[in-house]
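Printed here is start-v1.txt (compact mmCIF, N, CA and C atoms):
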```
# COMPACT_ATOMS: atom_id res chain seq x y z
N MET G 1 41.36 -176.81 -145.66
CA MET G 1 42.44 -175.90 -146.00
C MET G 1 42.32 -174.60 -145.22
N TYR G 2 41.08 -174.14 -145.04
CA TYR G 2 40.84 -172.87 -144.36
C TYR G 2 41.52 -172.85 -142.98
N ARG G 3 41.30 -173.92 -142.23
CA ARG G 3 41.87 -173.97 -140.87
C ARG G 3 43.39 -173.93 -140.89
N ARG G 4 44.00 -174.68 -141.80
CA ARG G 4 45.47 -174.71 -141.87
C ARG G 4 46.02 -173.34 -142.28
N VAL G 5 45.39 -172.70 -143.23
CA VAL G 5 45.84 -171.36 -143.64
C VAL G 5 45.73 -170.41 -142.46
N ASP G 6 44.62 -170.47 -141.75
CA ASP G 6 44.43 -169.62 -140.58
C ASP G 6 45.54 -169.84 -139.55
N GLU G 7 45.88 -171.09 -139.30
CA GLU G 7 46.93 -171.41 -138.33
C GLU G 7 48.30 -170.91 -138.80
N VAL G 8 48.60 -171.13 -140.06
CA VAL G 8 49.90 -170.69 -140.59
C VAL G 8 50.03 -169.17 -140.53
N LEU G 9 48.97 -168.46 -140.91
CA LEU G 9 49.04 -167.00 -140.86
C LEU G 9 49.24 -166.51 -139.43
N TYR G 10 48.54 -167.11 -138.49
CA TYR G 10 48.62 -166.66 -137.10
C TYR G 10 49.93 -167.04 -136.43
N TYR G 11 50.35 -168.28 -136.59
CA TYR G 11 51.52 -168.75 -135.85
C TYR G 11 52.85 -168.52 -136.57
N LEU G 12 52.85 -168.51 -137.90
CA LEU G 12 54.11 -168.37 -138.63
C LEU G 12 54.28 -167.03 -139.32
N TRP G 13 53.27 -166.59 -140.03
CA TRP G 13 53.39 -165.31 -140.75
C TRP G 13 53.44 -164.18 -139.74
N ASP G 14 52.42 -163.98 -138.95
CA ASP G 14 52.35 -163.09 -137.79
C ASP G 14 53.18 -161.80 -137.89
N PRO G 15 52.90 -160.94 -138.87
CA PRO G 15 53.73 -159.75 -139.06
C PRO G 15 53.68 -158.73 -137.92
N ILE G 16 52.66 -158.78 -137.09
CA ILE G 16 52.62 -157.81 -135.98
C ILE G 16 52.94 -158.45 -134.63
N GLY G 17 53.30 -159.71 -134.64
CA GLY G 17 53.79 -160.36 -133.43
C GLY G 17 52.76 -160.62 -132.34
N VAL G 18 51.59 -161.12 -132.73
CA VAL G 18 50.54 -161.36 -131.74
C VAL G 18 50.28 -162.85 -131.48
N SER G 19 51.09 -163.72 -132.02
CA SER G 19 50.78 -165.15 -131.91
C SER G 19 50.82 -165.70 -130.49
N ALA G 20 51.42 -164.97 -129.58
CA ALA G 20 51.45 -165.41 -128.18
C ALA G 20 50.29 -164.82 -127.37
N VAL G 21 49.41 -164.10 -128.04
CA VAL G 21 48.29 -163.43 -127.36
C VAL G 21 46.99 -164.14 -127.74
N PRO G 22 46.45 -164.98 -126.87
CA PRO G 22 45.24 -165.73 -127.21
C PRO G 22 44.06 -164.85 -127.64
N SER G 23 43.93 -163.69 -127.07
CA SER G 23 42.79 -162.83 -127.42
C SER G 23 42.91 -162.25 -128.84
N ALA G 24 44.07 -162.40 -129.46
CA ALA G 24 44.28 -161.89 -130.82
C ALA G 24 44.19 -163.02 -131.86
N ARG G 25 43.65 -164.15 -131.46
CA ARG G 25 43.64 -165.33 -132.33
C ARG G 25 43.00 -165.08 -133.70
N ASP G 26 42.07 -164.16 -133.78
CA ASP G 26 41.41 -163.89 -135.06
C ASP G 26 42.03 -162.72 -135.83
N GLU G 27 43.17 -162.26 -135.42
CA GLU G 27 43.80 -161.06 -135.99
C GLU G 27 43.95 -161.11 -137.52
N TYR G 28 44.32 -162.25 -138.06
CA TYR G 28 44.59 -162.35 -139.50
C TYR G 28 43.49 -163.10 -140.26
N ARG G 29 42.42 -163.41 -139.58
CA ARG G 29 41.37 -164.25 -140.18
C ARG G 29 40.76 -163.63 -141.43
N SER G 30 40.72 -162.32 -141.51
CA SER G 30 40.11 -161.69 -142.69
C SER G 30 40.93 -161.90 -143.97
N TYR G 31 42.18 -162.31 -143.83
CA TYR G 31 43.03 -162.55 -145.00
C TYR G 31 42.96 -164.00 -145.47
N VAL G 32 42.41 -164.87 -144.65
CA VAL G 32 42.39 -166.30 -144.95
C VAL G 32 41.62 -166.61 -146.24
N PRO G 33 40.41 -166.08 -146.45
CA PRO G 33 39.68 -166.45 -147.68
C PRO G 33 40.46 -166.15 -148.97
N GLN G 34 41.12 -165.02 -149.03
CA GLN G 34 41.88 -164.69 -150.25
C GLN G 34 43.07 -165.63 -150.43
N VAL G 35 43.74 -165.96 -149.35
CA VAL G 35 44.87 -166.89 -149.45
C VAL G 35 44.38 -168.27 -149.89
N VAL G 36 43.29 -168.73 -149.32
CA VAL G 36 42.72 -170.02 -149.73
C VAL G 36 42.36 -169.99 -151.21
N THR G 37 41.75 -168.92 -151.66
CA THR G 37 41.39 -168.79 -153.08
C THR G 37 42.63 -168.85 -153.96
N LEU G 38 43.66 -168.13 -153.58
CA LEU G 38 44.91 -168.15 -154.36
C LEU G 38 45.47 -169.57 -154.43
N LEU G 39 45.50 -170.26 -153.29
CA LEU G 39 46.02 -171.62 -153.27
C LEU G 39 45.16 -172.56 -154.11
N GLU G 40 43.86 -172.45 -153.99
CA GLU G 40 42.97 -173.31 -154.77
C GLU G 40 43.06 -173.03 -156.27
N ASP G 41 43.41 -171.79 -156.62
CA ASP G 41 43.57 -171.41 -158.03
C ASP G 41 44.98 -171.71 -158.55
N ASP G 42 45.77 -172.40 -157.75
CA ASP G 42 47.14 -172.76 -158.12
C ASP G 42 48.03 -171.56 -158.41
N ALA G 43 47.83 -170.49 -157.65
CA ALA G 43 48.69 -169.31 -157.79
C ALA G 43 50.12 -169.70 -157.42
N SER G 44 51.07 -169.03 -158.03
CA SER G 44 52.47 -169.30 -157.72
C SER G 44 52.80 -168.84 -156.31
N ALA G 45 53.90 -169.35 -155.79
CA ALA G 45 54.37 -168.93 -154.46
C ALA G 45 54.60 -167.43 -154.45
N GLU G 46 55.14 -166.91 -155.54
CA GLU G 46 55.41 -165.48 -155.62
C GLU G 46 54.13 -164.66 -155.57
N ARG G 47 53.08 -165.16 -156.20
CA ARG G 47 51.79 -164.45 -156.20
C ARG G 47 51.18 -164.43 -154.80
N VAL G 48 51.21 -165.55 -154.11
CA VAL G 48 50.67 -165.60 -152.75
C VAL G 48 51.50 -164.71 -151.83
N ALA G 49 52.81 -164.77 -151.98
CA ALA G 49 53.69 -163.93 -151.16
C ALA G 49 53.47 -162.46 -151.46
N SER G 50 53.24 -162.12 -152.71
CA SER G 50 52.97 -160.74 -153.09
C SER G 50 51.69 -160.24 -152.42
N TYR G 51 50.66 -161.08 -152.40
CA TYR G 51 49.42 -160.70 -151.72
C TYR G 51 49.68 -160.43 -150.24
N LEU G 52 50.33 -161.38 -149.57
CA LEU G 52 50.59 -161.22 -148.13
C LEU G 52 51.50 -160.03 -147.85
N ASN G 53 52.50 -159.85 -148.69
CA ASN G 53 53.40 -158.71 -148.50
C ASN G 53 52.65 -157.39 -148.70
N GLY G 54 51.72 -157.38 -149.64
CA GLY G 54 50.88 -156.19 -149.84
C GLY G 54 50.01 -155.90 -148.64
N VAL G 55 49.51 -156.94 -148.00
CA VAL G 55 48.73 -156.75 -146.77
C VAL G 55 49.60 -156.05 -145.73
N VAL G 56 50.82 -156.52 -145.59
CA VAL G 56 51.74 -155.94 -144.59
C VAL G 56 52.06 -154.49 -144.92
N THR G 57 52.39 -154.21 -146.16
CA THR G 57 52.84 -152.86 -146.51
C THR G 57 51.71 -151.87 -146.70
N ARG G 58 50.65 -152.28 -147.40
CA ARG G 58 49.58 -151.33 -147.70
C ARG G 58 48.50 -151.26 -146.63
N ARG G 59 48.11 -152.39 -146.09
CA ARG G 59 47.03 -152.37 -145.09
C ARG G 59 47.54 -152.11 -143.68
N MET G 60 48.70 -152.69 -143.36
CA MET G 60 49.22 -152.54 -142.00
C MET G 60 50.21 -151.40 -141.88
N GLY G 61 50.74 -150.93 -143.01
CA GLY G 61 51.69 -149.83 -142.99
C GLY G 61 53.05 -150.21 -142.43
N LEU G 62 53.40 -151.49 -142.55
CA LEU G 62 54.68 -151.98 -142.03
C LEU G 62 55.64 -152.25 -143.19
N THR G 63 56.88 -152.50 -142.86
CA THR G 63 57.86 -152.89 -143.85
C THR G 63 57.72 -154.38 -144.11
N GLY G 64 57.60 -154.75 -145.36
CA GLY G 64 57.46 -156.16 -145.71
C GLY G 64 58.80 -156.87 -145.74
N ASN G 65 58.73 -158.19 -145.67
CA ASN G 65 59.92 -159.03 -145.78
C ASN G 65 59.55 -160.18 -146.71
N ILE G 66 59.81 -159.99 -147.99
CA ILE G 66 59.36 -160.96 -148.99
C ILE G 66 60.02 -162.32 -148.80
N GLU G 67 61.27 -162.35 -148.35
CA GLU G 67 61.95 -163.64 -148.15
C GLU G 67 61.26 -164.44 -147.05
N ALA G 68 60.96 -163.78 -145.93
CA ALA G 68 60.25 -164.45 -144.83
C ALA G 68 58.86 -164.87 -145.27
N THR G 69 58.21 -164.03 -146.06
CA THR G 69 56.87 -164.35 -146.54
C THR G 69 56.91 -165.56 -147.47
N LEU G 70 57.92 -165.65 -148.30
CA LEU G 70 58.05 -166.81 -149.19
C LEU G 70 58.25 -168.10 -148.39
N ARG G 71 58.94 -168.02 -147.26
CA ARG G 71 59.10 -169.20 -146.41
C ARG G 71 57.75 -169.64 -145.84
N VAL G 72 56.94 -168.68 -145.46
CA VAL G 72 55.59 -168.99 -144.95
C VAL G 72 54.74 -169.59 -146.07
N VAL G 73 54.84 -169.03 -147.25
CA VAL G 73 54.08 -169.55 -148.38
C VAL G 73 54.50 -170.98 -148.70
N ALA G 74 55.77 -171.30 -148.54
CA ALA G 74 56.23 -172.68 -148.75
C ALA G 74 55.50 -173.63 -147.81
N VAL G 75 55.28 -173.21 -146.58
CA VAL G 75 54.53 -174.03 -145.62
C VAL G 75 53.08 -174.17 -146.09
N LEU G 76 52.50 -173.08 -146.55
CA LEU G 76 51.12 -173.14 -147.06
C LEU G 76 51.02 -174.12 -148.24
N LEU G 77 51.98 -174.07 -149.13
CA LEU G 77 51.96 -174.97 -150.28
C LEU G 77 52.17 -176.42 -149.85
N ASP G 78 52.99 -176.64 -148.83
CA ASP G 78 53.15 -177.99 -148.29
C ASP G 78 51.82 -178.51 -147.72
N TRP G 79 51.12 -177.65 -146.98
CA TRP G 79 49.82 -178.05 -146.44
C TRP G 79 48.84 -178.35 -147.56
N LYS G 80 48.86 -177.52 -148.59
CA LYS G 80 47.96 -177.76 -149.72
C LYS G 80 48.23 -179.14 -150.33
N ALA G 81 49.49 -179.47 -150.51
CA ALA G 81 49.86 -180.76 -151.09
C ALA G 81 49.39 -181.91 -150.21
N VAL G 82 49.57 -181.78 -148.91
CA VAL G 82 49.14 -182.83 -147.98
C VAL G 82 47.62 -182.99 -148.01
N LEU G 83 46.92 -181.88 -147.97
CA LEU G 83 45.46 -181.94 -147.91
C LEU G 83 44.82 -182.41 -149.21
N THR G 84 45.43 -182.08 -150.33
CA THR G 84 44.85 -182.51 -151.60
C THR G 84 45.22 -183.95 -151.94
N ALA G 85 46.27 -184.46 -151.32
CA ALA G 85 46.68 -185.84 -151.56
C ALA G 85 45.86 -186.82 -150.72
N ALA G 86 45.25 -186.30 -149.67
CA ALA G 86 44.51 -187.19 -148.74
C ALA G 86 43.21 -187.68 -149.32
```

In structure tokens, write the structure found in this file.
Amino acid sequence: MYRRVDEVLYYLWDPIGVSAVPSARDEYRSYVPQVVTLLEDDASAERVASYLNGVVTRRMGLTGNIEATLRVVAVLLDWKAVLTAA
């Protein structure tokens, strides 16, 4: 799950637009453990999105987009379903 969350955050969530920069591949890695924990604890989509949106607004000082974040969380939840069904 860790790897998939890392990929989704980097390639899809990407609030600062670095996914095309290979040297920035670890940019969001510090957020992965908390997202994995939330997913493993069966947190709601809204709770996971709230965490990620808080990262954007409070830690990065950017304007959040909860709708876009919820779309990313839907992908995370899809990955969780696939990985836990295997």

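Here atom CA of Leu39 of chain G is placed at a distance of 10.1 Å from atom CA of Trp79 of chain G.
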
query = Could you pull out the alpha helix (DSSP H) residues of chain G from DSSP and send them as a VMD selection string?
reply = chain G and resid 2 to 8 32 to 40 45 to 54 66 to 85

Which protein, DNA or RNA residues are at most 7 Å from (55.4, -158.7, -145.0) in the file's coordinates when you count all atoms listed in the file, listed as an mmCIF file with N, CA and C atoms, in the frame of the given file?
```
data_model
loop_
_atom_site.group_PDB
_atom_site.id
_atom_site.type_symbol
_atom_site.label_atom_id
_atom_site.label_comp_id
_atom_site.auth_asym_id
_atom_site.auth_seq_id
_atom_site.Cartn_x
_atom_site.Cartn_y
_atom_site.Cartn_z
ATOM 1 N N PRO G 15 52.900 -160.940 -138.870
ATOM 2 C CA PRO G 15 53.730 -159.750 -139.060
ATOM 3 C C PRO G 15 53.680 -158.730 -137.920
ATOM 4 N N LEU G 52 50.330 -161.380 -149.570
ATOM 5 C CA LEU G 52 50.590 -161.220 -148.130
ATOM 6 C C LEU G 52 51.500 -160.030 -147.850
ATOM 7 N N ASN G 53 52.500 -159.850 -148.690
ATOM 8 C CA ASN G 53 53.400 -158.710 -148.500
ATOM 9 C C ASN G 53 52.650 -157.390 -148.700
ATOM 10 N N GLY G 54 51.720 -157.380 -149.640
ATOM 11 C CA GLY G 54 50.880 -156.190 -149.840
ATOM 12 C C GLY G 54 50.010 -155.900 -148.640
ATOM 13 N N VAL G 55 49.510 -156.940 -148.000
ATOM 14 C CA VAL G 55 48.730 -156.750 -146.770
ATOM 15 C C VAL G 55 49.600 -156.050 -145.730
ATOM 16 N N VAL G 56 50.820 -156.520 -145.590
ATOM 17 C CA VAL G 56 51.740 -155.940 -144.590
ATOM 18 C C VAL G 56 52.060 -154.490 -144.920
ATOM 19 N N THR G 57 52.390 -154.210 -146.160
ATOM 20 C CA THR G 57 52.840 -152.860 -146.510
ATOM 21 C C THR G 57 51.710 -151.870 -146.700
ATOM 22 N N LEU G 62 53.400 -151.490 -142.550
ATOM 23 C CA LEU G 62 54.680 -151.980 -142.030
ATOM 24 C C LEU G 62 55.640 -152.250 -143.190
ATOM 25 N N THR G 63 56.880 -152.500 -142.860
ATOM 26 C CA THR G 63 57.860 -152.890 -143.850
ATOM 27 C C THR G 63 57.720 -154.380 -144.110
ATOM 28 N N GLY G 64 57.600 -154.750 -145.360
ATOM 29 C CA GLY G 64 57.460 -156.160 -145.710
ATOM 30 C C GLY G 64 58.800 -156.870 -145.740
ATOM 31 N N ASN G 65 58.730 -158.190 -145.670
ATOM 32 C CA ASN G 65 59.920 -159.030 -145.780
ATOM 33 C C ASN G 65 59.550 -160.180 -146.710
ATOM 34 N N ILE G 66 59.810 -159.990 -147.990
ATOM 35 C CA ILE G 66 59.360 -160.960 -148.990
ATOM 36 C C ILE G 66 60.020 -162.320 -148.800
ATOM 37 N N THR G 69 58.210 -164.030 -146.060
ATOM 38 C CA THR G 69 56.870 -164.350 -146.540
ATOM 39 C C THR G 69 56.910 -165.560 -147.470
#
```

request  = Name the residues in contact with Tyr28 of chain G at a cut-off of 7 Å, using all atoms listed in the file, excluding same-chain residues fewer than 4 positions from it; report them as a PyMOL selection string.
outcome  = chain G and resi 6+9-10+24+32

inquiry  = Excluding segment 46-51 of chain G and its own-chain neighbours fewer than 6 positions away, which residues fall within 9 Å of it when counting only C-alpha atoms? Please give them as a PyMOL selection string.
reply    = chain G and resi 34-35+38-39+66-67+69-73

key: Neighbour list for Val8 of chain G as a PyMOL selection string, cut-off 9 Å, only C-alpha atoms, skip fewer than 4 positions in-chain   = chain G and resi 3-4+12-14+72-73+75-76

If the box runs along x, y and z of the file and leaves 8 Å on each side of segment 8-23 of chain G, what are its centre and edge lengths in Å, one decimal, as lines of an AutoDock Vina configuration file?
```
center_x = 48.5
center_y = -164.5
center_z = -133.9
size_x = 27.5
size_y = 29.3
size_z = 30.0
```

Atomic separation - atom N of Val5 of chain G relative to atom CA of Glu27 of chain G, Å = 13.8 Å

request  = Can you work out the spacing between atom C of Met1 of chain G and atom N of Arg59 of chain G in Å, to one decimal?
outcome  =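 Atom C of Met1 of chain G sits 23.0 Å away from atom N of Arg59 of chain G.
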
ask   = Quick one: of G:Ile16, G:Asp42, G:Ser23, G:Ser30, who's nearest to Ala81 of chain G, counting only C-alpha atoms?
value =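 Residue with the minimum atom-to-atom distance to Ala81 of chain G: G:Asp42.
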